[in-house]
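So this one's work26.cif, mmCIF, C-alpha atoms:
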```cif
data_coords
loop_
_atom_site.label_atom_id
_atom_site.label_comp_id
_atom_site.auth_asym_id
_atom_site.auth_seq_id
_atom_site.Cartn_x
_atom_site.Cartn_y
_atom_site.Cartn_z
CA MET A 1 -8.82 9.85 0.88
CA ALA A 2 -8.36 13.17 -0.90
CA LYS A 3 -9.93 13.27 -4.29
CA TRP A 4 -6.96 14.21 -6.41
CA GLY A 5 -7.65 17.19 -8.64
CA GLU A 6 -11.24 18.00 -7.73
CA GLY A 7 -13.23 19.90 -5.12
CA ASP A 8 -12.35 22.07 -2.12
CA PRO A 9 -10.23 21.04 0.91
CA ARG A 10 -12.34 19.32 3.55
CA TRP A 11 -11.39 16.82 6.22
CA ILE A 12 -14.09 14.41 7.24
CA VAL A 13 -13.47 12.30 10.34
CA GLU A 14 -15.07 8.88 10.10
CA GLU A 15 -15.30 7.28 13.53
CA ARG A 16 -15.84 3.60 14.21
CA ALA A 17 -19.50 2.74 14.34
CA ASP A 18 -21.05 1.83 17.67
CA ALA A 19 -22.30 -1.68 18.25
CA THR A 20 -25.86 -0.38 18.12
CA ASN A 21 -27.70 -0.62 14.83
CA VAL A 22 -28.66 3.05 14.55
CA ASN A 23 -31.38 4.08 12.10
CA ASN A 24 -31.75 0.48 10.95
CA TRP A 25 -28.33 0.43 9.24
CA HIS A 26 -27.21 -3.11 8.48
CA TRP A 27 -23.64 -4.27 8.60
CA THR A 28 -21.65 -7.45 8.27
CA GLU A 29 -18.58 -8.54 10.18
CA ARG A 30 -16.03 -11.20 9.27
CA ASP A 31 -13.56 -12.72 11.71
CA VAL A 32 -10.24 -13.16 9.89
CA THR A 33 -8.15 -14.12 12.90
CA GLY A 34 -7.46 -17.63 11.64
CA TRP A 35 -6.56 -16.43 8.16
CA SER A 36 -4.32 -13.76 9.67
CA THR A 37 -2.44 -16.27 11.81
CA ASP A 38 -1.66 -18.41 8.78
CA LYS A 39 -0.72 -15.40 6.63
CA LEU A 40 1.61 -13.90 9.26
CA LYS A 41 3.44 -17.22 9.66
CA GLU A 42 3.69 -17.61 5.89
CA LEU A 43 5.20 -14.15 5.47
CA LEU A 44 7.62 -14.32 8.41
CA LEU A 45 8.97 -17.85 8.28
CA GLY A 46 12.07 -18.14 6.14
CA LEU A 47 12.90 -14.41 6.10
CA ARG A 48 16.65 -14.29 5.61
CA VAL A 49 19.42 -11.69 5.66
CA GLU A 50 23.12 -12.09 4.93
CA GLY A 51 26.22 -10.09 5.79
CA PRO A 52 29.98 -10.41 6.10
CA GLU A 53 29.55 -12.07 9.51
CA GLY A 54 27.14 -14.76 8.31
CA SER A 55 23.39 -15.13 7.85
CA CYS A 56 20.20 -14.93 9.92
CA GLU A 57 16.81 -16.50 9.30
CA VAL A 58 13.40 -16.46 10.98
CA THR A 59 12.89 -20.11 11.90
CA ASP A 60 9.78 -20.12 14.10
CA VAL A 61 6.76 -18.01 15.04
CA PRO A 62 5.80 -19.53 18.39
CA LYS A 63 3.36 -16.83 19.49
CA LEU A 64 0.71 -14.78 17.71
CA ASP A 65 -1.63 -13.21 20.25
CA GLY A 66 -4.40 -11.07 18.88
CA GLU A 67 -7.33 -10.84 16.53
CA ALA A 68 -8.45 -9.36 13.24
CA SER A 69 -11.81 -8.61 11.70
CA ILE A 70 -13.35 -6.71 8.80
CA ASN A 71 -16.55 -4.74 9.20
CA ASN A 72 -18.86 -3.46 6.50
CA ARG A 73 -20.67 -0.52 8.03
CA LYS A 74 -22.78 1.92 6.07
CA GLY A 75 -21.14 0.79 2.86
CA LYS A 76 -17.57 1.20 4.13
CA LEU A 77 -15.02 -1.51 4.88
CA ILE A 78 -13.23 -0.98 8.18
CA TYR A 79 -10.26 -3.16 9.14
CA PHE A 80 -9.50 -3.95 12.78
CA TYR A 81 -6.37 -5.88 13.75
CA GLU A 82 -4.19 -6.06 16.81
CA TRP A 83 -1.31 -8.48 17.24
CA ASN A 84 1.56 -9.28 19.55
CA VAL A 85 4.05 -11.15 17.39
CA LYS A 86 6.91 -13.25 18.76
CA ALA A 87 9.34 -15.02 16.43
CA THR A 88 12.62 -16.90 16.71
CA TRP A 89 15.66 -16.26 14.56
CA THR A 90 18.71 -18.42 14.01
CA GLY A 91 22.08 -17.00 13.03
CA THR A 92 24.91 -18.91 11.41
CA SER A 93 28.41 -17.45 11.39
CA LYS A 94 30.85 -17.88 8.51
CA THR A 95 32.56 -20.59 10.58
CA GLY A 96 29.31 -22.49 11.06
CA ILE A 97 28.56 -21.50 14.68
CA LYS A 98 24.81 -21.31 15.44
CA TYR A 99 23.12 -18.62 17.52
CA LYS A 100 19.49 -18.19 18.52
CA GLY A 101 17.50 -15.09 19.31
CA ASN A 102 14.01 -13.67 19.58
CA ILE A 103 11.97 -11.02 17.77
CA ASP A 104 9.14 -9.22 19.56
CA VAL A 105 6.59 -6.93 17.88
CA PRO A 106 4.00 -5.95 20.52
CA ASN A 107 2.05 -3.30 18.63
CA LEU A 108 0.99 -4.47 15.17
CA SER A 109 -2.33 -2.65 15.09
CA ASP A 110 -4.66 -0.70 12.81
CA GLU A 111 -3.92 2.27 15.08
CA ASN A 112 -0.20 2.30 14.22
CA ASP A 113 1.62 3.03 10.97
CA MET A 114 4.26 0.54 9.88
CA ASP A 115 6.99 3.06 10.69
CA ASP A 116 5.75 3.18 14.30
CA LEU A 117 6.13 -0.54 14.97
CA ASP A 118 8.38 -1.51 17.86
CA ILE A 119 10.57 -4.36 16.61
CA SER A 120 12.84 -5.77 19.31
CA VAL A 121 15.65 -8.15 18.32
CA VAL A 122 17.66 -9.88 21.05
CA LEU A 123 19.87 -12.92 21.59
CA CYS A 124 18.53 -15.77 23.70
CA LYS A 125 19.75 -15.91 27.29
CA ASP A 126 23.20 -17.51 27.75
CA GLU A 127 24.07 -17.08 24.07
CA PRO A 128 27.52 -15.47 23.53
CA ASN A 129 27.66 -12.05 21.88
CA THR A 130 27.82 -12.08 18.09
CA PRO A 131 27.83 -9.44 15.32
CA LEU A 132 24.89 -11.33 13.83
CA THR A 133 22.63 -9.69 16.41
CA GLU A 134 23.35 -6.27 14.91
CA LEU A 135 22.81 -7.65 11.41
CA MET A 136 19.38 -8.89 12.46
CA ARG A 137 18.54 -5.62 14.23
CA LYS A 138 19.35 -3.54 11.15
CA GLU A 139 18.61 -5.59 8.06
CA GLY A 140 16.41 -8.30 9.60
CA ALA A 141 14.10 -5.77 11.24
CA LYS A 142 13.58 -4.08 7.85
CA LYS A 143 12.44 -7.36 6.34
CA VAL A 144 10.17 -8.09 9.30
CA ARG A 145 8.58 -4.65 8.98
CA ALA A 146 8.05 -5.15 5.25
CA ALA A 147 6.50 -8.59 5.85
CA LEU A 148 4.06 -7.17 8.41
CA GLY A 149 3.18 -4.39 5.99
CA SER A 150 2.55 -7.03 3.33
CA TYR A 151 0.15 -8.76 5.74
CA VAL A 152 -1.86 -5.55 6.03
CA GLY A 153 -1.83 -5.17 2.26
CA HIS A 154 -3.09 -8.73 1.72
CA LEU A 155 -5.76 -8.19 4.40
CA LYS A 156 -7.09 -5.15 2.57
CA SER A 157 -6.81 -6.56 -0.95
CA GLU A 158 -8.07 -10.11 -0.43
CA PHE A 159 -11.17 -9.14 1.51
CA THR A 160 -12.42 -6.09 -0.39
CA GLN A 161 -14.76 -8.40 -2.26
CA GLY A 162 -17.44 -10.56 -0.77
CA MET A 163 -18.47 -8.24 2.06
CA ILE A 164 -21.93 -7.44 0.74
CA LEU A 165 -24.10 -4.88 2.45
CA PRO A 166 -27.87 -5.52 2.50
CA THR A 167 -29.88 -2.42 1.55
CA ALA A 168 -33.31 -1.34 2.62
CA ASN A 169 -34.98 -2.99 -0.38
CA GLY A 170 -33.09 -6.25 0.12
CA ALA A 171 -30.71 -5.77 -2.79
CA ALA A 172 -27.00 -6.14 -2.21
CA SER A 173 -24.41 -3.51 -2.93
CA LYS A 174 -20.64 -3.69 -2.95
CA PRO A 175 -18.97 -1.76 -0.15
CA GLN A 176 -16.23 0.73 -0.75
CA PRO A 177 -12.96 0.16 1.13
CA SER A 178 -12.15 2.92 3.60
CA GLN A 179 -9.52 3.97 6.07
CA THR A 180 -9.97 2.84 9.63
CA LYS A 181 -10.42 6.24 11.18
CA VAL A 182 -9.74 9.23 8.97
CA LYS A 183 -10.79 9.96 5.43
CA VAL A 184 -9.77 13.00 3.42
CA ASP A 185 -12.32 14.05 0.85
CA LYS A 186 -12.25 16.47 -2.04
CA THR A 187 -8.83 17.98 -1.50
CA GLN A 188 -7.61 19.64 -4.68
CA ILE A 189 -4.13 19.85 -6.11
CA GLY A 190 -3.92 22.66 -8.65
CA PRO A 191 -6.65 24.86 -10.11
CA SER A 192 -10.34 24.30 -9.46
CA ALA A 193 -11.82 21.46 -11.44
CA SER A 194 -14.28 22.19 -14.19
CA ALA A 195 -15.72 20.46 -17.20
CA PRO A 196 -13.04 19.17 -19.58
CA PRO A 197 -12.20 21.67 -22.31
CA SER A 198 -13.44 20.81 -25.76
CA SER A 199 -10.97 19.42 -28.23
CA THR A 200 -10.04 22.23 -30.62
CA GLY A 201 -7.55 20.41 -32.81
CA VAL A 202 -4.81 22.81 -31.69
CA LYS A 203 -1.60 21.22 -30.47
CA ILE A 204 -1.04 22.10 -26.82
CA SER A 205 2.28 22.88 -25.16
CA THR A 206 3.58 20.06 -22.97
CA CYS A 207 6.40 19.29 -20.56
CA LYS A 208 8.01 16.27 -18.92
CA PHE A 209 9.48 15.28 -15.56
CA SER A 210 10.96 12.29 -13.74
CA LEU A 211 10.80 10.96 -10.18
CA LYS A 212 12.76 8.33 -8.29
CA GLU A 213 11.54 6.50 -5.19
CA THR A 214 12.58 3.52 -3.06
CA PHE A 215 10.15 0.97 -1.61
CA LEU A 216 10.91 -1.66 1.04
CA THR A 217 9.44 -4.54 -0.92
CA SER A 218 10.20 -6.80 -3.85
CA PRO A 219 9.71 -5.77 -7.52
CA ASP A 220 6.93 -8.33 -8.03
CA GLU A 221 4.93 -7.04 -5.05
CA LEU A 222 5.35 -3.40 -6.13
CA TYR A 223 4.41 -4.26 -9.71
CA ARG A 224 1.23 -5.96 -8.50
CA THR A 225 0.32 -2.90 -6.42
CA PHE A 226 -0.15 -0.79 -9.56
CA ILE A 227 -2.15 -3.27 -11.68
CA ASN A 228 -4.27 -5.17 -9.12
CA GLN A 229 -7.70 -3.61 -8.68
CA ASN A 230 -8.08 -4.61 -5.03
CA MET A 231 -4.68 -3.20 -4.10
CA VAL A 232 -5.37 0.04 -5.97
CA GLN A 233 -8.66 0.38 -4.10
CA ALA A 234 -6.80 -0.25 -0.84
CA PHE A 235 -4.23 2.54 -1.24
CA THR A 236 -6.63 5.07 -2.83
CA HIS A 237 -9.38 4.25 -0.30
CA ALA A 238 -11.95 4.57 -3.07
CA ALA A 239 -13.67 2.47 -5.69
CA ALA A 240 -11.56 1.84 -8.79
CA VAL A 241 -11.74 -0.03 -12.08
CA VAL A 242 -8.39 -1.56 -13.04
CA ASP A 243 -7.88 -4.09 -15.85
CA GLY A 244 -4.28 -5.13 -15.31
CA GLU A 245 -3.60 -6.37 -18.86
CA LYS A 246 -1.95 -4.79 -21.87
CA GLY A 247 -4.63 -2.60 -23.40
CA GLY A 248 -6.59 -2.71 -20.14
CA LYS A 249 -8.16 0.52 -18.94
CA PHE A 250 -8.24 2.02 -15.47
CA GLN A 251 -10.32 4.65 -13.69
CA LEU A 252 -9.48 5.95 -10.20
CA LEU A 253 -10.85 8.39 -7.64
CA GLU A 254 -14.39 8.57 -9.01
CA GLY A 255 -13.15 9.22 -12.52
CA SER A 256 -10.72 12.04 -11.67
CA VAL A 257 -7.92 9.92 -13.19
CA ASN A 258 -8.17 7.44 -16.04
CA GLY A 259 -6.04 5.81 -18.68
CA GLU A 260 -4.80 2.62 -20.31
CA PHE A 261 -1.90 0.20 -19.84
CA THR A 262 0.08 0.14 -23.10
CA GLU A 263 3.03 -2.05 -22.08
CA LEU A 264 3.49 -4.46 -19.18
CA VAL A 265 6.71 -6.32 -18.41
CA PRO A 266 5.97 -8.34 -15.24
CA ASP A 267 7.96 -7.18 -12.19
CA GLU A 268 10.01 -4.74 -14.31
CA LYS A 269 8.09 -2.13 -16.29
CA ILE A 270 4.66 -0.51 -16.66
CA VAL A 271 3.83 1.99 -19.41
CA MET A 272 0.47 3.76 -19.37
CA LYS A 273 -1.54 6.50 -21.00
CA TRP A 274 -2.68 8.65 -18.06
CA ARG A 275 -4.83 11.79 -17.70
CA PHE A 276 -6.80 14.03 -15.39
CA LYS A 277 -10.38 14.38 -16.54
CA THR A 278 -9.89 18.19 -16.51
CA TRP A 279 -7.24 18.03 -19.25
CA PRO A 280 -8.18 18.72 -22.88
CA CYS A 281 -10.31 15.92 -24.28
CA GLU A 282 -8.40 12.84 -25.37
CA HIS A 283 -5.07 14.27 -24.25
CA TYR A 284 -2.96 11.77 -22.30
CA ALA A 285 0.44 11.89 -20.69
CA THR A 286 2.70 8.86 -21.12
CA ILE A 287 3.99 7.47 -17.83
CA THR A 288 6.68 4.80 -17.62
CA LEU A 289 7.46 3.02 -14.35
CA ASN A 290 10.74 1.07 -14.24
CA MET A 291 11.44 -1.19 -11.25
CA LYS A 292 14.92 -2.32 -10.22
CA ASP A 293 15.71 -4.89 -7.53
CA ARG A 294 18.14 -3.38 -5.01
CA GLY A 295 18.39 -6.31 -2.60
CA ASN A 296 16.06 -5.51 0.29
CA GLU A 297 14.49 -2.63 -1.65
CA THR A 298 13.01 -1.83 -5.02
CA GLU A 299 13.98 1.35 -6.84
CA LEU A 300 11.18 2.85 -8.91
CA LYS A 301 11.91 5.41 -11.60
CA LEU A 302 8.98 7.31 -13.10
CA GLU A 303 9.28 9.06 -16.45
CA CYS A 304 6.35 11.28 -17.43
CA LYS A 305 6.03 13.15 -20.73
CA ASP A 306 3.34 15.11 -22.60
CA VAL A 307 1.96 16.76 -19.46
CA PRO A 308 0.13 19.99 -20.38
CA THR A 309 2.24 23.02 -19.54
CA GLY A 310 1.15 24.40 -16.18
CA GLU A 311 0.12 20.96 -14.90
CA GLU A 312 3.61 19.69 -14.10
CA ASP A 313 3.70 20.56 -10.37
CA ARG A 314 0.17 19.33 -9.77
CA THR A 315 0.85 16.02 -11.51
CA LYS A 316 4.24 15.50 -9.89
CA GLU A 317 3.03 16.24 -6.35
CA GLY A 318 -0.05 14.12 -6.92
CA TRP A 319 2.05 11.10 -7.87
CA LYS A 320 4.25 11.58 -4.82
CA ARG A 321 1.35 11.93 -2.40
CA TYR A 322 -1.48 9.84 -3.80
CA TYR A 323 0.57 6.99 -5.25
CA PHE A 324 3.98 6.74 -3.57
CA GLU A 325 3.21 7.93 -0.05
CA ALA A 326 -0.23 6.26 -0.02
CA ILE A 327 1.28 2.91 -1.09
CA LYS A 328 3.93 3.14 1.63
CA GLN A 329 1.42 3.99 4.32
CA THR A 330 -1.08 1.34 3.27
CA PHE A 331 1.27 -1.58 2.68
CA GLY A 332 4.23 -0.67 4.89
CA PHE A 333 6.70 -0.21 2.04
CA GLY A 334 8.09 2.94 3.69
CA ALA A 335 11.49 4.34 2.78
CA ARG A 336 13.04 7.77 2.62
CA LEU A 337 12.07 10.11 -0.20
CA TYR A 338 14.63 11.33 -2.73
#
```
Hey, can you dump this file as structure tokens for me?
Amino acid sequence: MAKWGEGDPRWIVEERADATNVNNWHWTERDVTGWSTDKLKELLLGLRVEGPEGSCEVTDVPKLDGEASINNRKGKLIYFYEWNVKATWTGTSKTGIKYKGNIDVPNLSDENDMDDLDISVVLCKDEPNTPLTELMRKEGAKKVRAALGSYVGHLKSEFTQGMILPTANGAASKPQPSQTKVKVDKTQIGPSASAPPSSTGVKISTCKFSLKETFLTSPDELYRTFINQNMVQAFTHAAAVVDGEKGGKFQLLEGSVNGEFTELVPDEKIVMKWRFKTWPCEHYATITLNMKDRGNETELKLECKDVPTGEEDRTKEGWKRYYFEAIKQTFGFGARLY
């Protein structure tokens, strides 16, 4: 993952390790196929959409072919998963007529982004045509995609702890979560990083900006993404310290970003003091995140004030890329940008 605000642009390709234990590197591997099967069923069963024609609901998940595992190799967590998902949906018209259909997702894999999933929705053979099929193809498929993205998010957040890597002297060290295949390191947004300027007591000129974004998930899940340490580590692909309580402090991207939560309203609002380490000492911007439930989506409005003049574009683009886009890619909450 690019280190936001520090270093020179460099792309480092991290390939999957061979099965051979080269240079006496130790690794651990955990099979999470059973856990994944239960989690996928939990997330899919009961998914429901409604429209003028009636309602549709996922009522069964008869087939989950595949496997999932987590590998700790050379201090990095690598997630492998590949699934062929088949589910059954039941539609009920406004007049009470029942219809049945199938959902097929053949390519849920660590090699595919959530936006690349093939989600096929069809009626069962011999069922009469119904507008509910189109409802399920449009709105139902969105919910299925979001649920599968949530599975990936849970996989990465629930298993970032406990995968301990033995070292040469026998001590154990915590691994850092990583992307499966590609890691961006030390890409800078804005001027070259240097030691933080000394505090001079002079008031600095500041500016403010706002952003609006839509995520295909619920407000509670999006809220948790910002304050849960494991989820933050998952979407930043780096070690992080996050104390998700009022007054709790956070530090991301090897200290390039730090701050403190000053107000937390569960599932609705997060207010934080936030800064780059290259800003004048003890100078923080105030960032407010407001979340609104929009049915199948959550609208997030960001208000940022007290950003040092000249840092606006860097901060704004950083939030778009290293928070919003990274969260969508990691957890499958993808939606169009405003």
Residues near Ala68 in chain A, anyone? I mean within 6 Å using only C-alpha atoms, not counting same-chain ones fewer than 5 positions away, as an mmCIF file with C-alpha atoms, keeping the file's coordinate frame.
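Below is the file that was written, selection08.cif:
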```cif
data_model
loop_
_atom_site.group_PDB
_atom_site.id
_atom_site.type_symbol
_atom_site.label_atom_id
_atom_site.label_comp_id
_atom_site.auth_asym_id
_atom_site.auth_seq_id
_atom_site.Cartn_x
_atom_site.Cartn_y
_atom_site.Cartn_z
ATOM 1 C CA VAL A 32 -10.240 -13.160 9.890
ATOM 2 C CA THR A 33 -8.150 -14.120 12.900
ATOM 3 C CA PHE A 80 -9.500 -3.950 12.780
ATOM 4 C CA TYR A 81 -6.370 -5.880 13.750
#
```
In Å, rounded to a single decimal, give me how far CA of Asn290 in chain A is from CA of Lys208 in chain A.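 Going from CA of Lys208 in chain A over to CA of Asn290 in chain A covers 16.1 Å.
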Hey, what's within 12 Å of Asn296 in chain A if we count all atoms listed in the file and toss same-chain stuff fewer than 4 positions away? As a VMD selection string, please? chain A and resid 47 to 50 138 to 147 214 to 219 292 333 335
Shell around Asp31 in chain A at 9 Å using all atoms listed in the file, local window under 4 positions removed, as a VMD selection string: chain A and resid 35 67 to 71
Residue nearest Thr90 in chain A - candidates A:Glu57, A:Glu299, A:Glu29, A:Glu42, atoms counted: all atoms listed in the file: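 Result for the nearest residue to Thr90 in chain A: A:Glu57.
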Between A:Leu108, A:Ala87, A:Cys281, A:Ala238, which one has atoms that come closest to Cys124 in chain A, using all atoms listed in the file? A:Ala87
Can you measure CA of Lys94 in chain A to CA of Glu53 in chain A for me? One decimal in Å is fine.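 Computing it gives 6.0 Å between the two atoms.
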Taking the file as shown, what set of residues would the PyMOL selection byres ((chain A and resi 283) around 9) give back, as a PDB file with C-alpha atoms, in the coordinates of the input?
```
ATOM      1  CA  SER A 199     -10.970  19.420 -28.230  1.00  0.00           C
ATOM      2  CA  TRP A 274      -2.680   8.650 -18.060  1.00  0.00           C
ATOM      3  CA  ARG A 275      -4.830  11.790 -17.700  1.00  0.00           C
ATOM      4  CA  TRP A 279      -7.240  18.030 -19.250  1.00  0.00           C
ATOM      5  CA  PRO A 280      -8.180  18.720 -22.880  1.00  0.00           C
ATOM      6  CA  CYS A 281     -10.310  15.920 -24.280  1.00  0.00           C
ATOM      7  CA  GLU A 282      -8.400  12.840 -25.370  1.00  0.00           C
ATOM      8  CA  TYR A 284      -2.960  11.770 -22.300  1.00  0.00           C
ATOM      9  CA  ALA A 285       0.440  11.890 -20.690  1.00  0.00           C
ATOM     10  CA  ASP A 306       3.340  15.110 -22.600  1.00  0.00           C
ATOM     11  CA  VAL A 307       1.960  16.760 -19.460  1.00  0.00           C
ATOM     12  CA  PRO A 308       0.130  19.990 -20.380  1.00  0.00           C
TER      13      PRO A 308
END
```
Since I can't run it myself right now, could you work out what the PyMOL selection byres ((chain A and resi 95) around 12) selects here and report it as a list in words?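 Answer for the PyMOL selection byres ((chain A and resi 95) around 12): Pro52, Glu53, Gly54, Ser55, Gly91, Thr92, Ser93, Lys94, Gly96, Ile97, Lys98 and Tyr99 of chain A.
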So for range 140-152 of chain A, what box centre and size do we get, axis-aligned, 5 Å extra on each of the six sides, every listed atom, Å to one decimal, as JSON?
```
{"center_x": 7.3, "center_y": -6.4, "center_z": 7.3, "size_x": 28.3, "size_y": 14.7, "size_z": 17.9}
```
Using Å and a single decimal, report how far CA of Ser205 in chain A sits from CA of Arg314 in chain A.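 Spanning CA of Arg314 in chain A to CA of Ser205 in chain A is a straight-line distance of 15.9 Å.
Evaluated against this file, the PyMOL selection byres ((chain A and resi 244) around 9) yields A:Arg224, A:Phe226, A:Ile227, A:Asn228, A:Gln229, A:Val242, A:Asp243, A:Glu245, A:Lys246, A:Gly247, A:Gly248, A:Lys249, A:Phe250, A:Phe261, A:Leu264.
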Convert the current residue selection to file output with C-alpha atoms, as a JSON list (two decimals), keeping the file's coordinate frame.
```
[["chain", "number", "residue", "atom", "x", "y", "z"],
["A", 224, "ARG", "CA", 1.23, -5.96, -8.50],
["A", 226, "PHE", "CA", -0.15, -0.79, -9.56],
["A", 227, "ILE", "CA", -2.15, -3.27, -11.68],
["A", 228, "ASN", "CA", -4.27, -5.17, -9.12],
["A", 229, "GLN", "CA", -7.70, -3.61, -8.68],
["A", 242, "VAL", "CA", -8.39, -1.56, -13.04],
["A", 243, "ASP", "CA", -7.88, -4.09, -15.85],
["A", 245, "GLU", "CA", -3.60, -6.37, -18.86],
["A", 246, "LYS", "CA", -1.95, -4.79, -21.87],
["A", 247, "GLY", "CA", -4.63, -2.60, -23.40],
["A", 248, "GLY", "CA", -6.59, -2.71, -20.14],
["A", 249, "LYS", "CA", -8.16, 0.52, -18.94],
["A", 250, "PHE", "CA", -8.24, 2.02, -15.47],
["A", 261, "PHE", "CA", -1.90, 0.20, -19.84],
["A", 264, "LEU", "CA", 3.49, -4.46, -19.18]]
```
